[in-house]
Structures are given as C-alpha cells and as structure tokens.
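One structure below.
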Protein chains: 2
Amino acid sequence: MQAEPEVAVLRYGHRPGRDDRMTTHVGLTARALGADRVVFPGNAGQSAETVEDITGRFGGPFAVEMTDALDAFIRDWEGVVVHLTMYGERVQDVEDDVRAAHETDPILVVVGGEKVPFEVYEAADYNVGVTNQPHSEVAGLAVFLDRLFEGRELEREWADADRRVIPKATGKRVVDPDAADGE
Amino acid sequence: MQAEPEVAVLRYGHRPGRDDRMTTHVGLTARALGADRVVFPGNAGQSAETVEDITGRFGGPFAVEMTDALDAFIRDWEGVVVHLTMYGERVQDVEDDVRAAHETDPILVVVGGEKVPFEVYEAADYNVGVTNQPHSEVAGLAVFLDRLFEGRELEREWADADRRVIPKATGKRVVDPDAADGE
C-alpha cells in the first residue's frame, strides 16, 4: 500500500480456460486487499484484462503485469519472498516475522497453481500455510494479506475511480466519486 | 467450531460446470477456517462430493448438505444471518456486533453467486462487505471467518483424518495421524 514497502502477488502457474476464474480472483483479491501489484504468467492475458478493467472502473493505483519468466522474477526479487502453501509453517507462527521484515523490505507473495516445483519452496524466505488443510489459494491469500496489513488495507482509498460503492445495511448504492462530495 | 454455537455457510446459487471450482472452494474454505457445515444448492453435487472426499481424508467434523430450498433455509434459520456482499456495511464496523451475537446464537453466512435477489438482502440480519470492492466470494468468506473466530480456527484439531500435514519451513511432510505420536 501507499507509503509502505511494496507488496506484490505472483500467480505461479496458469492453465488457460480451466484456471481463468481462479487466476482472476487471485488478482482481484490482491488489489482489494492492499497489494500494489499482481504478476501473472504470460498465458493469463484474459485474467489480466479483467483485473485491469476493474481497476479502471473502481480505482487504483494497482498494477497488472505478465511475465514468462516466473522463476527469474522470484529469484531476482529484492526483498522477502513468501510462498503460500498448505505444507508451510503456520501463518500464526511466522506472521510477526514477516510483518517486521515488511517494515523495511518489499514482499513478494507467491500463490501456487496446481504444480509448484521444489525450487519455489527453496527460493522462498518463508513457506507459509494458512492452515495446513487443503482449501483455496484465494482464501489463503486473503487471510495472509489481512494479517500482514492488520486490517489497514480495509481503510485504503482509491484514486481515479469511475464508481464507488457506499456501504449500506440493505440494498445497493453506487455513486460517481466526483459527485459524492455532495452527499 | 466445537463448543461454540454453530457456524454454517450457505452457497447461494450455482451454475454447474462454470461454478464448480468456486463452489468447491467455498466449501473447502468453510471447512478449513472453522465453519461446522456447508449448505450447497441441489445442483452442486460435484462440489459436495469433493468437499466430502477432503473431509474423509483430512478429518472433521464437518458436514456437507444440499438443498433446493435455499430461500426457505435462510428464512427458517434460528440464529443470525450474515450475507457477504460488496454492497454491505464494512466488516470492520460490524464484526464486533456479529461476534457478540455468536456468543449465544448460531450464525448462517450466505455467500452469493452471480445473482442474489433483493429478498436475501432483506432476510439478512447483517449485509457485510469485506471491502466494498469487487473481488472474490472465497476471499470475502475467508477474511470474515478469520475475523469472526479471531484466529481460533487456525488452532482447531481434526478427528478421523487419514493424513496430516506437518508444518515445515521447506518441502512437504504428510503423516498418518495414528502413527504421528511417535515423532
């Protein structure tokens, strides 16, 4: 988030068609929950377009990138690499250390697809399990980011949005942010 | 979770084929993050099988149900109904109230699919937004449950599991729980 070292989310692996929706949700979750950037595999163009479209409508800043060199991206990351995996250390045991590191260093959060090679486990500074149960890479990413930012991400503001949802006890209310001052 | 009023998660709406993976992830996330039960629409049999299979292998207790009467299920719920929606009140503003209610009352968490009718907004005691941004129903559910249980769900134990993942800084370790005492 703004005024803090960067947090980027890298989606490791993508099968076009089958994974489109999960990869899109990884990107949208990264955006909504405080990351600054998502990095998709080069074959995930459709998901990249969707996330960019949402950013255009609901605001940023948030960057979407694609690369065919995922391993090099991880290896060359100048900062801390966190790989989310159900085989990793318990998030509640390592989150304080990761948060302390984030005070000075950018964080790359690697979110696996179906097959993550052993090299990724070795390249990571932290392999972290949001539970050691099989569930969802999207759920794991969400809980990890909420804990990393300790809820600050829920207060962030959005620039250059075409529309803004006003929280409401019942029903839906969407306004033009430029006109919202008048409420 | 055990020794607390029940938390059930209801998936509202499902399109077979297109939604299979998301619905499965809703169910697995509910299980992994402390809910006692998931309720799927009657046409989500494939997702129900997957969640039951995981429960059989990784343990429970966790119940999977299906119903064709989602609206009646919500209407007849004896407890508090929380509907997760990006149009709702901010989770950080209402979570204390929901947690207080959960000290005595069962909670039904309704997770929308594509189209949620206005009746669901009206039937809910709380419409809650995990951010007012579009992202992922799985991510919203994960953050909501982690906040509802304040992290207690990460400490829960699993009964009748065939296998158990041992947290590890690098690599993977899976054991037979019945033999794990010897470590």
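Chain labels A, B, ... are given in the sequence in which chains occur in the structure tokens; within each chain residues are numbered consecutively from 1, and ligands are likewise numbered from 1 in the order shown.
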- Query: Quick one: DSSP helix (DSSP H, G or I) residues in range 34-157 of chain B, as an MDAnalysis selection string?
  - Reply: chainID B and resid 45:58 70:75 91:102 118:123 137:148 152:155
Sort by chain and increasing residue number a table of all residues of range 118-153 of chain B within 8 Å of range 154-166 of chain A, each with its closest pair of atoms and their distance in Å to one decimal, counting only C-alpha atoms, and write it as a tab-separated table.
```
residue	atom	partner	partner_atom	distance
B:Val130	CA	A:Leu154	CA	7.7
B:Thr131	CA	A:Leu154	CA	5.9
B:Asn132	CA	A:Val165	CA	5.9
B:Gln133	CA	A:Val165	CA	7.5
```
Just the selected residues (N, CA, C and O atoms), exported as a PDB file, in the first residue's frame, please.
```pdb
ATOM      1  N   VAL B 130     -16.610  -7.291   2.847  1.00  0.00           N
ATOM      2  CA  VAL B 130     -15.171  -7.399   3.130  1.00  0.00           C
ATOM      3  C   VAL B 130     -14.497  -6.571   2.044  1.00  0.00           C
ATOM      4  O   VAL B 130     -14.121  -7.084   0.997  1.00  0.00           O
ATOM      5  N   THR B 131     -14.392  -5.303   2.301  1.00  0.00           N
ATOM      6  CA  THR B 131     -14.166  -4.216   1.343  1.00  0.00           C
ATOM      7  C   THR B 131     -15.447  -4.011   0.523  1.00  0.00           C
ATOM      8  O   THR B 131     -16.263  -4.936   0.394  1.00  0.00           O
ATOM      9  N   ASN B 132     -15.614  -2.798  -0.005  1.00  0.00           N
ATOM     10  CA  ASN B 132     -16.715  -2.537  -0.940  1.00  0.00           C
ATOM     11  C   ASN B 132     -16.199  -2.566  -2.372  1.00  0.00           C
ATOM     12  O   ASN B 132     -16.667  -1.833  -3.249  1.00  0.00           O
ATOM     13  N   GLN B 133     -15.224  -3.430  -2.612  1.00  0.00           N
ATOM     14  CA  GLN B 133     -14.611  -3.619  -3.922  1.00  0.00           C
ATOM     15  C   GLN B 133     -14.998  -4.982  -4.474  1.00  0.00           C
ATOM     16  O   GLN B 133     -15.206  -5.922  -3.706  1.00  0.00           O
TER      17      GLN B 133
END
```
- Dump as an NGL selection string the residues of chain B that approach chain A to within 7 Å, counting only C-alpha atoms. :B and (25 or 28-29 or 32 or 87-90 or 118 or 121-122 or 126-127 or 131-133 or 135-136 or 138-139 or 142-143 or 154 or 165-173)
Hey, can you spit out that residue selection with N, CA and C atoms as a CSV table (one decimal), in the first residue's frame?
```csv
chain,number,residue,atom,x,y,z
B,25,HIS,N,-14.4,-24.4,-3.7
B,25,HIS,CA,-13.5,-23.6,-2.8
B,25,HIS,C,-14.3,-22.9,-1.7
B,28,LEU,N,-14.5,-25.8,0.8
B,28,LEU,CA,-13.3,-26.2,1.4
B,28,LEU,C,-12.8,-25.1,2.4
B,29,THR,N,-13.0,-23.8,2.0
B,29,THR,CA,-12.7,-22.7,2.8
B,29,THR,C,-13.5,-22.7,4.1
B,32,ALA,N,-12.0,-25.5,6.3
B,32,ALA,CA,-10.6,-25.2,6.8
B,32,ALA,C,-10.6,-24.1,7.8
B,87,TYR,N,-21.8,-4.7,-1.3
B,87,TYR,CA,-22.6,-3.5,-1.1
B,87,TYR,C,-22.9,-3.3,0.3
B,88,GLY,N,-22.5,-4.2,1.2
B,88,GLY,CA,-22.9,-4.2,2.6
B,88,GLY,C,-22.1,-3.3,3.5
B,89,GLU,N,-22.4,-3.3,4.7
B,89,GLU,CA,-21.7,-2.5,5.7
B,89,GLU,C,-20.3,-3.0,5.9
B,90,ARG,N,-19.4,-2.2,6.2
B,90,ARG,CA,-18.0,-2.6,6.3
B,90,ARG,C,-17.7,-3.6,7.4
B,118,PHE,N,-33.0,-9.5,-4.1
B,118,PHE,CA,-33.1,-8.5,-3.0
B,118,PHE,C,-33.7,-9.1,-1.7
B,121,TYR,N,-31.0,-9.9,0.7
B,121,TYR,CA,-30.5,-8.7,1.5
B,121,TYR,C,-31.5,-8.4,2.6
B,122,GLU,N,-32.8,-8.5,2.4
B,122,GLU,CA,-33.8,-8.2,3.4
B,122,GLU,C,-33.8,-9.3,4.5
B,126,TYR,N,-27.4,-9.0,8.9
B,126,TYR,CA,-26.3,-8.1,8.5
B,126,TYR,C,-25.9,-8.4,7.0
B,127,ASN,N,-25.8,-7.4,6.2
B,127,ASN,CA,-25.2,-7.4,4.9
B,127,ASN,C,-23.8,-6.8,5.1
B,131,THR,N,-14.4,-5.3,2.3
B,131,THR,CA,-14.2,-4.2,1.3
B,131,THR,C,-15.4,-4.0,0.5
B,132,ASN,N,-15.6,-2.8,0.0
B,132,ASN,CA,-16.7,-2.5,-0.9
B,132,ASN,C,-16.2,-2.6,-2.4
B,133,GLN,N,-15.2,-3.4,-2.6
B,133,GLN,CA,-14.6,-3.6,-3.9
B,133,GLN,C,-15.0,-5.0,-4.5
B,135,HIS,N,-14.2,-8.5,-5.6
B,135,HIS,CA,-13.0,-9.4,-5.7
B,135,HIS,C,-13.5,-10.8,-5.8
B,136,SER,N,-13.6,-11.5,-4.6
B,136,SER,CA,-13.9,-13.0,-4.7
B,136,SER,C,-14.7,-13.4,-3.5
B,138,VAL,N,-14.8,-16.2,-2.2
B,138,VAL,CA,-13.9,-17.1,-1.4
B,138,VAL,C,-13.1,-16.2,-0.5
B,139,ALA,N,-12.5,-15.2,-1.0
B,139,ALA,CA,-11.6,-14.3,-0.2
B,139,ALA,C,-12.5,-13.6,0.9
B,142,ALA,N,-13.2,-16.1,3.6
B,142,ALA,CA,-12.0,-16.4,4.4
B,142,ALA,C,-11.7,-15.3,5.4
B,143,VAL,N,-11.7,-14.0,5.0
B,143,VAL,CA,-11.4,-12.9,5.9
B,143,VAL,C,-12.5,-12.9,7.0
B,154,LEU,N,-7.5,-21.4,13.5
B,154,LEU,CA,-6.3,-21.9,13.0
B,154,LEU,C,-5.7,-23.0,14.0
B,165,VAL,N,-0.8,-33.0,7.6
B,165,VAL,CA,0.4,-32.3,7.1
B,165,VAL,C,1.1,-31.7,8.3
B,166,ILE,N,2.4,-31.9,8.4
B,166,ILE,CA,3.2,-31.4,9.4
B,166,ILE,C,3.8,-30.1,8.9
B,167,PRO,N,3.6,-28.9,9.6
B,167,PRO,CA,4.2,-27.7,9.1
B,167,PRO,C,5.7,-27.7,8.9
B,168,LYS,N,6.2,-27.2,7.8
B,168,LYS,CA,7.6,-27.4,7.5
B,168,LYS,C,8.1,-26.1,6.8
B,169,ALA,N,9.4,-25.7,7.2
B,169,ALA,CA,9.9,-24.5,6.6
B,169,ALA,C,10.2,-24.6,5.2
B,170,THR,N,10.6,-25.8,4.7
B,170,THR,CA,10.8,-26.1,3.3
B,170,THR,C,10.4,-27.5,3.0
B,171,GLY,N,9.7,-27.7,1.9
B,171,GLY,CA,9.3,-29.0,1.5
B,171,GLY,C,8.0,-29.5,2.0
B,172,LYS,N,7.7,-30.8,1.9
B,172,LYS,CA,6.4,-31.3,2.3
B,172,LYS,C,6.5,-32.5,3.2
B,173,ARG,N,5.7,-32.5,4.2
B,173,ARG,CA,5.7,-33.7,5.1
B,173,ARG,C,4.3,-34.1,5.4
```
- Per DSSP on the backbone, what are the strand (DSSP E or B) residues of range 71-154 of chain B, as a list of chain:residue names? B:Val80, B:Val81, B:Val82, B:His83, B:Leu84, B:Thr85, B:Met86, B:Tyr87, B:Gly88, B:Glu89, B:Arg90, B:Ile107, B:Leu108, B:Val109, B:Val110, B:Val111, B:Gly112, B:Tyr126, B:Asn127, B:Val128, B:Gly129
- Message: Could you list, as a list of chain:residue names, every residue within 7 Å of Asn43 in chain B, counting only C-alpha atoms and ignoring same-chain residues fewer than 2 positions away?
- Response: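 Residues near the query, excluding close chain neighbours: B:Pro16, B:Pro41, B:Gly45.
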Let's have the selection written as a PDB file, in the first residue's frame, with N, CA and C atoms.
```pdb
ATOM      1  N   PRO B  16     -23.789 -25.292 -12.691  1.00  0.00           N
ATOM      2  CA  PRO B  16     -22.944 -26.490 -12.870  1.00  0.00           C
ATOM      3  C   PRO B  16     -21.975 -26.275 -14.030  1.00  0.00           C
ATOM      4  N   PRO B  41     -26.467 -25.541  -3.064  1.00  0.00           N
ATOM      5  CA  PRO B  41     -27.669 -25.755  -3.868  1.00  0.00           C
ATOM      6  C   PRO B  41     -27.721 -27.204  -4.355  1.00  0.00           C
ATOM      7  N   GLY B  45     -23.793 -31.065  -6.793  1.00  0.00           N
ATOM      8  CA  GLY B  45     -23.398 -32.377  -6.284  1.00  0.00           C
ATOM      9  C   GLY B  45     -21.914 -32.675  -6.436  1.00  0.00           C
TER      10      GLY B  45
END
```
- Message: Applying 10 Å and only C-alpha atoms, which residues near Tyr12 in chain A remain after dropping the ones on its own chain fewer than 5 positions away? List them as a VMD selection string.
- Response: chain A and resid 23 39 to 41 70 to 71 74 83 110 to 117 120
Kindly save the residues from that selection, with N, CA and C atoms included, as a CSV table (one decimal), in the first residue's frame.
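Result saved to out-v4.csv:
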```csv
chain,number,residue,atom,x,y,z
A,23,THR,N,-7.4,-17.5,-11.3
A,23,THR,CA,-6.4,-16.5,-11.5
A,23,THR,C,-6.9,-15.1,-11.4
A,39,VAL,N,1.4,-10.1,-10.6
A,39,VAL,CA,2.2,-10.6,-11.7
A,39,VAL,C,1.6,-12.0,-12.1
A,40,PHE,N,1.2,-12.0,-13.3
A,40,PHE,CA,0.6,-13.2,-13.9
A,40,PHE,C,1.5,-13.9,-14.9
A,41,PRO,N,1.4,-15.2,-15.0
A,41,PRO,CA,2.1,-15.9,-16.1
A,41,PRO,C,1.7,-15.3,-17.5
A,70,LEU,N,8.7,-16.6,-14.6
A,70,LEU,CA,8.3,-16.6,-13.2
A,70,LEU,C,9.4,-16.9,-12.3
A,71,ASP,N,10.2,-17.9,-12.6
A,71,ASP,CA,11.3,-18.3,-11.7
A,71,ASP,C,12.3,-17.2,-11.6
A,74,ILE,N,11.0,-14.5,-9.3
A,74,ILE,CA,11.2,-14.8,-7.9
A,74,ILE,C,12.6,-14.7,-7.4
A,83,HIS,N,6.0,-17.8,0.1
A,83,HIS,CA,5.3,-18.7,-0.7
A,83,HIS,C,4.1,-19.3,0.1
A,110,VAL,N,4.0,-15.4,-3.3
A,110,VAL,CA,3.8,-16.4,-4.4
A,110,VAL,C,2.6,-17.3,-4.1
A,111,VAL,N,1.7,-17.3,-5.0
A,111,VAL,CA,0.4,-18.1,-4.9
A,111,VAL,C,0.5,-19.2,-5.9
A,112,GLY,N,0.5,-20.4,-5.4
A,112,GLY,CA,0.6,-21.5,-6.3
A,112,GLY,C,-0.6,-21.9,-7.2
A,113,GLY,N,-0.4,-22.5,-8.3
A,113,GLY,CA,-1.4,-23.1,-9.1
A,113,GLY,C,-1.3,-24.6,-8.7
A,114,GLU,N,-1.6,-25.5,-9.7
A,114,GLU,CA,-1.6,-26.9,-9.4
A,114,GLU,C,-0.2,-27.5,-9.0
A,115,LYS,N,0.8,-27.1,-9.8
A,115,LYS,CA,2.1,-27.8,-9.6
A,115,LYS,C,3.1,-26.7,-9.3
A,116,VAL,N,3.7,-26.7,-8.1
A,116,VAL,CA,4.7,-25.8,-7.8
A,116,VAL,C,6.0,-26.6,-7.6
A,117,PRO,N,7.1,-26.3,-8.4
A,117,PRO,CA,8.3,-27.1,-8.2
A,117,PRO,C,9.0,-26.8,-6.9
A,120,VAL,N,10.7,-23.5,-5.9
A,120,VAL,CA,10.0,-22.4,-5.4
A,120,VAL,C,10.0,-22.4,-3.8
```
- Could you please determine the separation between CA of Ser47 in chain A and CA of Glu95 in chain A in Å, to one decimal place?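 Computed distance, CA of Ser47 in chain A to CA of Glu95 in chain A, equals 29.0 Å.
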- Query: Mind pulling up the distance from CA of Pro106 in chain B to CA of Thr67 in chain B?
  - Reply: 19.0 Å
- Could you pull the residues within 7 Å of Val38 in chain B, counting only C-alpha atoms, minus those fewer than 5 positions along the same chain, as a ChimeraX atom specification? /B:8-10,27,30,63-65
Now that the selection is made, can you save its residues with N, CA and C atoms as an mmCIF file, in the first residue's frame?
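Heads up, here's the output in result12.cif:
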```cif
data_model
loop_
_atom_site.group_PDB
_atom_site.id
_atom_site.type_symbol
_atom_site.label_atom_id
_atom_site.label_comp_id
_atom_site.auth_asym_id
_atom_site.auth_seq_id
_atom_site.Cartn_x
_atom_site.Cartn_y
_atom_site.Cartn_z
ATOM 1 N N ALA B 8 -22.654 -22.028 10.020
ATOM 2 C CA ALA B 8 -22.894 -22.709 8.747
ATOM 3 C C ALA B 8 -22.684 -21.714 7.615
ATOM 4 N N VAL B 9 -22.213 -22.216 6.485
ATOM 5 C CA VAL B 9 -22.003 -21.382 5.297
ATOM 6 C C VAL B 9 -22.937 -21.874 4.206
ATOM 7 N N LEU B 10 -23.728 -20.975 3.643
ATOM 8 C CA LEU B 10 -24.649 -21.340 2.567
ATOM 9 C C LEU B 10 -24.203 -20.681 1.263
ATOM 10 N N GLY B 27 -16.759 -24.319 -0.166
ATOM 11 C CA GLY B 27 -16.932 -25.409 0.796
ATOM 12 C C GLY B 27 -15.643 -25.750 1.531
ATOM 13 N N ALA B 30 -14.798 -22.952 3.968
ATOM 14 C CA ALA B 30 -15.670 -23.048 5.145
ATOM 15 C C ALA B 30 -15.121 -24.100 6.110
ATOM 16 N N ALA B 63 -19.834 -30.999 8.069
ATOM 17 C CA ALA B 63 -20.987 -31.556 7.357
ATOM 18 C C ALA B 63 -21.216 -30.846 6.038
ATOM 19 N N VAL B 64 -21.596 -31.620 5.024
ATOM 20 C CA VAL B 64 -21.933 -31.080 3.704
ATOM 21 C C VAL B 64 -23.389 -31.437 3.421
ATOM 22 N N GLU B 65 -24.192 -30.437 3.122
ATOM 23 C CA GLU B 65 -25.608 -30.674 2.822
ATOM 24 C C GLU B 65 -25.967 -30.017 1.501
#
```
- Give the answer as one residue: which of B:Arg152, B:Ala69, B:Arg57, B:Asp97 has the shortest atom-to-atom distance to Ala35 in chain B, using only C-alpha atoms? B:Arg152
